[in-house]
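See below for the structure under consideration.
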Amino acid sequence: MVLKAKFLIICIFGFTMSVAGIGINSSSAMETDECLECHGDSSFFDEGGPLYVDGVQFASTKHAEDGCGSCHYVTDDHPDDGVQPEKESCDMCHEDAVDELARGLHAGNAECIDCHDPHAVQGLKSPDESCGMCHDEAVEEYLNSHHSKNAVCSDCHSPHKVISHLETSDFEKNKQCIACHEGAGHSEWLLRNKLHMQATTCISCHTDSKGIVVTMYIEKREDVEPDKKGGIALATYRDLTQLVGDKGVQSLIDANGDGFIATAELKEFNGNSKYDSVGLWGVLSTKTSSHVYGVFEDRRDCSFCHAAGPKAMQTCYVAFPNQDGTFSKLAVEEGALLDPLFATPDFYMVGSTRNNILSILGLLIIAGGLGAASLHGTFRILTRKNRRKH
Ligand code: HEC
Ligand code: HEC
Ligand code: HEC
Ligand code: HEC
Ligand code: HEC
Ligand code: HEC
Ligand code: HEC
Ligand code: HEC
Ligand code: HEC
């Protein structure tokens with residue numbers, strides 16, 4: 001590094017002060033302004049280089065008040081002392097963030113300074129500099145989407161307490177979208193639009209993701225009709241513990257405890273009057289995830305879901321609530337969804353089952369368009385006799 005004249009002057013000045021015994025032997029001796037005389041001067045250090053700190057930007061941050069000295073211990077002889085100044089850990093002052101980080105998937109994976117520039121903390125580093133370091137695909141897709149100028153990663157994800165998308169409920173995912181797209185009801189063309197908004201995720205129609213997966217959530221019975229009540233009342237971990245005692249909430253359906261749900265276990269659950277107060281609410285989503293958002297014409301086509309065929313309707317999970325508000329999913333035996341009369345009486349995908357009469361009726365309804373309005377709920381009524389009495 002070429003020592004510039006100013007550097008020399010300051011060094012000589014500093015040296016003189018030390019020799020004269022004027023210097024104070026603590027880090028507070030050198031104030032932020034003084035640090036910036038070197039570190040904030042682009043004739044000293046290359047702007048954007050590792051040793052350059054933008055003084056104007058730093059002054060606008062919440063860290064400015066405490067100054068450089070709150071994080072770096074520097075002797076009066078710096079930089080001639082050959083000592084590398086220490087960097088204070090963020091933990092000292094940000095217990096909450098540290099705690100949140102420790103409880104999510106980023107624990108041990110991402111550090112504070114991977115996402116925050118300590119000298120410019122009022123904002124995040126740009127998505128490609130921070131998240132993009134490790135999630136390049138998501139960031140690339142995001143940057144090419146409508147959301148790149150309208151929503152940031154943290155509008156949809158908590159960056160500190162990161163929860164896997166597999167443990168996040170589909171209702172939670174839809175809530176994020178509705179926070180900004182409240183009016184999106186699709187009532188003009190989507191029959192039973194309220195039911196659809198609660199039985200499908202927004203991302204299954206609005207990202208280019210592929211495949212179909214249905215997740216069954218355990219709900220409290222009294223709120224089974226979304227059109228009337230408006231919302232789904234999910235059973236909580238506590239509700240279920242009251243039902244099954246200390247056998248673990250999964251034993252509600254997974255009776256033999258093998259971590260897998262057989263069609264027979266679903267039938268057993270549906271027929272068990274002990275469990276009358278709860279039912280299953282199915283939500284359709286897609287298997288792969290993507291951040292390519294848009295309006296995809298094939299999703300306007302009802303057959304994308306309704307006549308997807310038995311093959312597409314094989315992947316199903318039951319989501320059990322955990323104590324901390326996340327969900328654990330157990331896989332359901334293939335074919336369960338194709339037996340809506342007995343295995344999944346609360347979820348009936350018109351046009352997608354093995355029962356020919358029901359499928360043909362369903363397809364007729366969809367093809368008939370208007371006729372369906374009067375027949376709406378037909379299938380729920382057809383299957384209702386198999387549901388437990390209220
Ligand atoms: C006289 C100019 C000057 C002043 C004033 C100065 N520095 Fe430095 N600082 C330097 C130089 C030159 C280096 C590079 C030293 C090296 O690479 O060995 C440096 C390096 C550093 C480093 C990086 C060490 C590393 O890890 O490589 C930190 C942190 C630092 N200074 C903080 C401060 C702080 C905080 C202050 C004020 C309290 C301050 N400096 C004041 C010139 C200065
Ligand atoms: C909130 C704590 C904090 C404050 C306040 C702070 N820094 Fe830093 N600084 C750090 C951390 C942490 C790093 C390491 C960043 C990294 O490795 O990416 C760092 C890195 C540096 C470096 C570069 C060292 C290197 O190895 O890349 C310099 C120079 C520096 N700081 C100077 C300053 C100056 C000058 C100020 C005041 C204007 C200041 N810092 C204020 C935390 C802080
Ligand atoms: C000496 C104490 C101290 C240290 C060490 C410290 N901070 Fe801070 N930080 C503060 C204070 C005080 C605030 C303002 C109050 C608040 O938002 O909590 C703040 C605010 C922030 C903010 C919010 C800025 C905003 O505009 O809302 C971020 C982000 C941040 N700090 C990140 C960090 C990171 C990253 C580190 C470690 C490199 C760090 N801090 C180290 C004291 C500190
Ligand atoms: C994976 C990236 C990431 C990591 C790692 C990370 N943060 Fe953050 N942090 C963010 C984002 C994104 C925000 C929200 C910024 C915004 O809303 O503008 C934020 C906000 C903050 C805030 C202000 C709001 C609040 O929650 O209080 C503080 C303070 C903060 N972070 C400190 C930290 C500290 C300390 C660490 C390390 C223990 C850390 N962060 C680790 C991405 C991260
Ligand atoms: C508009 C809301 C939204 C925004 C903005 C958003 N995400 Fe996502 N992201 C989601 C949803 C919803 C999922 C879950 C997808 C699923 O369940 O299939 C997800 C999944 C993920 C995943 C896990 C699955 C995968 O693709 O590996 C990562 C990682 C991720 N997002 C990172 C990011 C990053 C980084 C950003 C910012 C560049 C970002 N997201 C911005 C909504 C968003
Ligand atoms: C230093 C690397 C790193 C950085 C930077 C980082 N992440 Fe992560 N992130 C990870 C790792 C590793 C995982 C855990 C992956 C796993 O276990 O599946 C993860 C997981 C996630 C997940 C959950 C993925 C899933 O499977 O559903 C989301 C969402 C996420 N990160 C978002 C972000 C966002 C938003 C940012 C920027 C604010 C960010 N990450 C920055 C490394 C990073
Ligand atoms: C922070 C606010 C915010 C969040 C959260 C958000 N969006 Fe957006 N979204 C916007 C804005 C603003 C636009 C741009 C509107 C426009 O261009 O007319 C947009 C655009 C879109 C578009 C493109 C519409 C078109 O005309 O092509 C779709 C589709 C979309 N969002 C779906 C979603 C979904 C699905 C989610 C949830 C995973 C979501 N958004 C979450 C703000 C948000
Ligand atoms: C069954 C597929 C499907 C589902 C589920 C779905 N959408 Fe749409 N959405 C569409 C189609 C097709 C369009 C374009 C036709 C239109 O404008 O109504 C559209 C249009 C939009 C638009 C842009 C037009 C506008 O209203 O400004 C937004 C934003 C949007 N949807 C958000 C959402 C959100 C949020 C959800 C979840 C609550 C959601 N969508 C669920 C298929 C769907
Ligand atoms: C993204 C997938 C998807 C698309 C596209 C879709 N649906 Fe649906 N539809 C569903 C799901 C999931 C259900 C709810 C099944 C349940 O909960 O029993 C449903 C339910 C229905 C029902 C109600 C059956 C009943 O029990 O009353 C009708 C009618 C219906 N859809 C018609 C349509 C029509 C008409 C279209 C095209 C305009 C369409 N759907 C597009 C997924 C979809």
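Starting from 1 in every chain, residues are counted up; chains themselves are A, B, ... following the order of the structure tokens, and ligands are numbered from 1 as listed.
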Expected selection as a PyMOL selection string for ligand 8 within 12 Å, only C-alpha atoms and all ligand atoms:
chain A and resi 146-147+150+170-208+283-286+293-306
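If you count only C-alpha atoms and ignore residues fewer than 3 places along the chain from Pro50 in chain A, what sits within 12 Å of it is His39, Gly40, Ser42, Phe45, Asp46, Glu47, Val53, Asp54, Asp117 and His119 of chain A.
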Would you mind listing, for every residue of chain A within 7 Å of ligand 3, the two atoms forming the shortest contact and the distance between them in Å to one decimal, using only C-alpha atoms and all ligand atoms, sorted by chain and ascending residue number, as CSV?
```
residue,atom,partner,partner_atom_place_in_ligand_line,distance
A:Thr61,CA,ligand 3,26 (O),6.1
A:Lys62,CA,ligand 3,14 (C),4.7
A:His63,CA,ligand 3,9 (N),5.4
A:Asp66,CA,ligand 3,1 (C),6.5
A:Ser70,CA,ligand 3,1 (C),4.8
A:Cys71,CA,ligand 3,5 (C),5.4
A:Glu88,CA,ligand 3,5 (C),5.6
A:Ser89,CA,ligand 3,37 (C),5.5
A:Cys90,CA,ligand 3,37 (C),3.3
A:Asp91,CA,ligand 3,5 (C),6.8
A:Met92,CA,ligand 3,5 (C),5.5
A:Cys93,CA,ligand 3,2 (C),4.4
A:His94,CA,ligand 3,7 (N),6.4
A:Cys112,CA,ligand 3,35 (C),4.8
A:Ile113,CA,ligand 3,35 (C),5.4
A:His116,CA,ligand 3,35 (C),5.1
A:Asp117,CA,ligand 3,35 (C),6.5
A:Pro118,CA,ligand 3,38 (C),4.5
A:Val121,CA,ligand 3,29 (C),4.5
A:Gln122,CA,ligand 3,26 (O),3.5
A:Gly123,CA,ligand 3,26 (O),6.5
```
Write the residues of the preceding selection, restricted to C-alpha atoms, as an mmCIF file, in the first residue's frame.
```cif
data_model
loop_
_atom_site.group_PDB
_atom_site.id
_atom_site.type_symbol
_atom_site.label_atom_id
_atom_site.label_comp_id
_atom_site.auth_asym_id
_atom_site.auth_seq_id
_atom_site.Cartn_x
_atom_site.Cartn_y
_atom_site.Cartn_z
ATOM 1 C CA THR A 61 -27.089 4.434 11.176
ATOM 2 C CA LYS A 62 -28.200 3.551 14.670
ATOM 3 C CA HIS A 63 -24.632 2.488 15.395
ATOM 4 C CA ASP A 66 -21.904 4.565 19.938
ATOM 5 C CA SER A 70 -18.145 0.299 20.445
ATOM 6 C CA CYS A 71 -17.096 -2.492 18.151
ATOM 7 C CA GLU A 88 -16.901 -6.860 18.740
ATOM 8 C CA SER A 89 -19.488 -9.547 18.278
ATOM 9 C CA CYS A 90 -23.025 -8.385 17.619
ATOM 10 C CA ASP A 91 -24.241 -10.687 20.390
ATOM 11 C CA MET A 92 -23.308 -8.212 23.080
ATOM 12 C CA CYS A 93 -26.079 -5.789 22.161
ATOM 13 C CA HIS A 94 -28.626 -7.805 20.163
ATOM 14 C CA CYS A 112 -25.070 -11.571 11.150
ATOM 15 C CA ILE A 113 -22.521 -10.071 8.808
ATOM 16 C CA HIS A 116 -25.872 -7.029 7.448
ATOM 17 C CA ASP A 117 -23.060 -4.650 6.654
ATOM 18 C CA PRO A 118 -22.098 -3.592 10.194
ATOM 19 C CA VAL A 121 -27.096 -1.447 9.238
ATOM 20 C CA GLN A 122 -30.111 0.646 8.351
ATOM 21 C CA GLY A 123 -30.775 -1.579 5.393
#
```
Hey, which of A:Val249, A:Leu36, A:Ala343, A:Ala312 ends up closest to Phe269 in chain A? Count only C-alpha atoms.
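Using only C-alpha atoms, Phe269 in chain A sits closest to A:Ala343.
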Exercise. Hey, what's within 8 Å of Leu337 in chain A if we count only C-alpha atoms and toss same-chain stuff fewer than 6 positions away? As a ChimeraX atom specification, please?
Worked result: /A:313-314,316,343-344,347-348,353
Convert the current residue selection to file output with N, CA and C atoms, as a compact mmCIF listing (two decimals), in the first residue's frame.
```
# COMPACT_ATOMS: atom_id res chain seq x y z
N MET A 313 -52.69 -37.41 -8.17
CA MET A 313 -53.32 -37.26 -6.86
C MET A 313 -52.78 -38.27 -5.84
N GLN A 314 -51.52 -38.58 -5.93
CA GLN A 314 -50.98 -39.62 -5.06
C GLN A 314 -50.28 -39.07 -3.82
N CYS A 316 -49.78 -37.16 -0.64
CA CYS A 316 -50.63 -36.56 0.39
C CYS A 316 -49.94 -36.66 1.75
N ALA A 343 -61.95 -42.64 2.89
CA ALA A 343 -60.65 -42.28 3.45
C ALA A 343 -60.55 -40.78 3.71
N THR A 344 -61.04 -39.96 2.76
CA THR A 344 -60.91 -38.51 2.93
C THR A 344 -62.24 -37.83 2.67
N PHE A 347 -62.33 -34.11 1.85
CA PHE A 347 -61.64 -33.54 0.70
C PHE A 347 -62.05 -34.30 -0.53
N TYR A 348 -62.73 -33.61 -1.43
CA TYR A 348 -63.13 -34.31 -2.62
C TYR A 348 -62.77 -33.49 -3.85
N THR A 353 -61.08 -38.82 -9.27
CA THR A 353 -61.03 -40.01 -8.43
C THR A 353 -61.22 -41.27 -9.25
```
Quiz item: Please, what distance in Å, to one decimal, runs between CA of Leu252 in chain A and atom 19 (C, counted along the ligand's line) of ligand 9?
Solution: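 Atom-to-atom, CA of Leu252 in chain A and atom 19 (C, counted along the ligand's line) of ligand 9 are spaced 26.0 Å apart.
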Checklist entry - Counting only C-alpha atoms and all ligand atoms, what residues are within 10 Å of ligand 4, given as an MDAnalysis selection string? => result chainID A and resid 62 89:102 105:118 121:127 130:132 134 152:155 157:162
Per residue of chain A within 7 Å of ligand 1, note the shortest atom pair and the distance in Å to one decimal, counting only C-alpha atoms and all ligand atoms, and order the rows by chain and increasing residue number, as CSV.
```
residue,atom,partner,partner_atom_place_in_ligand_line,distance
A:Phe7,CA,ligand 1,1 (C),5.4
A:Ile10,CA,ligand 1,1 (C),5.4
A:Cys11,CA,ligand 1,1 (C),5.6
A:Ser27,CA,ligand 1,38 (C),6.5
A:Met30,CA,ligand 1,38 (C),4.7
A:Glu31,CA,ligand 1,38 (C),5.7
A:Thr32,CA,ligand 1,37 (C),5.7
A:Glu34,CA,ligand 1,5 (C),5.2
A:Cys35,CA,ligand 1,37 (C),3.4
A:Leu36,CA,ligand 1,5 (C),6.8
A:Glu37,CA,ligand 1,5 (C),6.0
A:Cys38,CA,ligand 1,2 (C),4.4
A:His39,CA,ligand 1,7 (N),6.1
A:Leu51,CA,ligand 1,23 (C),6.3
A:Cys68,CA,ligand 1,35 (C),4.8
A:Gly69,CA,ligand 1,35 (C),5.6
A:His72,CA,ligand 1,35 (C),5.0
A:Tyr73,CA,ligand 1,35 (C),6.6
A:Val74,CA,ligand 1,38 (C),5.4
A:His78,CA,ligand 1,7 (N),6.0
A:Pro79,CA,ligand 1,10 (C),4.8
A:Gly82,CA,ligand 1,18 (O),6.0
A:Gln84,CA,ligand 1,24 (C),4.8
A:Pro85,CA,ligand 1,29 (C),5.0
A:Glu86,CA,ligand 1,29 (C),6.7
A:Lys87,CA,ligand 1,29 (C),6.7
```
Export, as a compact mmCIF listing (two decimals), in the first residue's frame, the selected residues with C-alpha atoms.
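The new file out_21.txt reads:
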```txt
# COMPACT_ATOMS: atom_id res chain seq x y z
CA PHE A 7 -1.34 9.31 6.37
CA ILE A 10 -1.29 11.83 10.93
CA CYS A 11 1.27 9.17 11.83
CA SER A 27 -9.79 2.96 22.67
CA MET A 30 -9.55 8.02 19.11
CA GLU A 31 -13.00 9.25 18.16
CA THR A 32 -15.07 8.18 15.19
CA GLU A 34 -10.50 10.54 13.64
CA CYS A 35 -10.98 6.98 12.45
CA LEU A 36 -12.79 8.34 9.44
CA GLU A 37 -9.95 10.69 8.61
CA CYS A 38 -8.21 7.60 7.35
CA HIS A 39 -10.93 4.98 6.87
CA LEU A 51 -10.64 -0.89 4.67
CA CYS A 68 -16.47 2.92 15.93
CA GLY A 69 -15.08 2.29 19.38
CA HIS A 72 -13.37 -2.04 17.50
CA TYR A 73 -10.71 -1.78 20.12
CA VAL A 74 -7.85 0.29 18.70
CA HIS A 78 -2.92 2.08 15.45
CA PRO A 79 -2.11 1.24 12.72
CA GLY A 82 0.82 -4.18 14.18
CA GLN A 84 -5.26 -6.26 14.36
CA PRO A 85 -8.16 -4.36 15.93
CA GLU A 86 -10.75 -6.67 17.41
CA LYS A 87 -14.28 -6.77 16.07
```
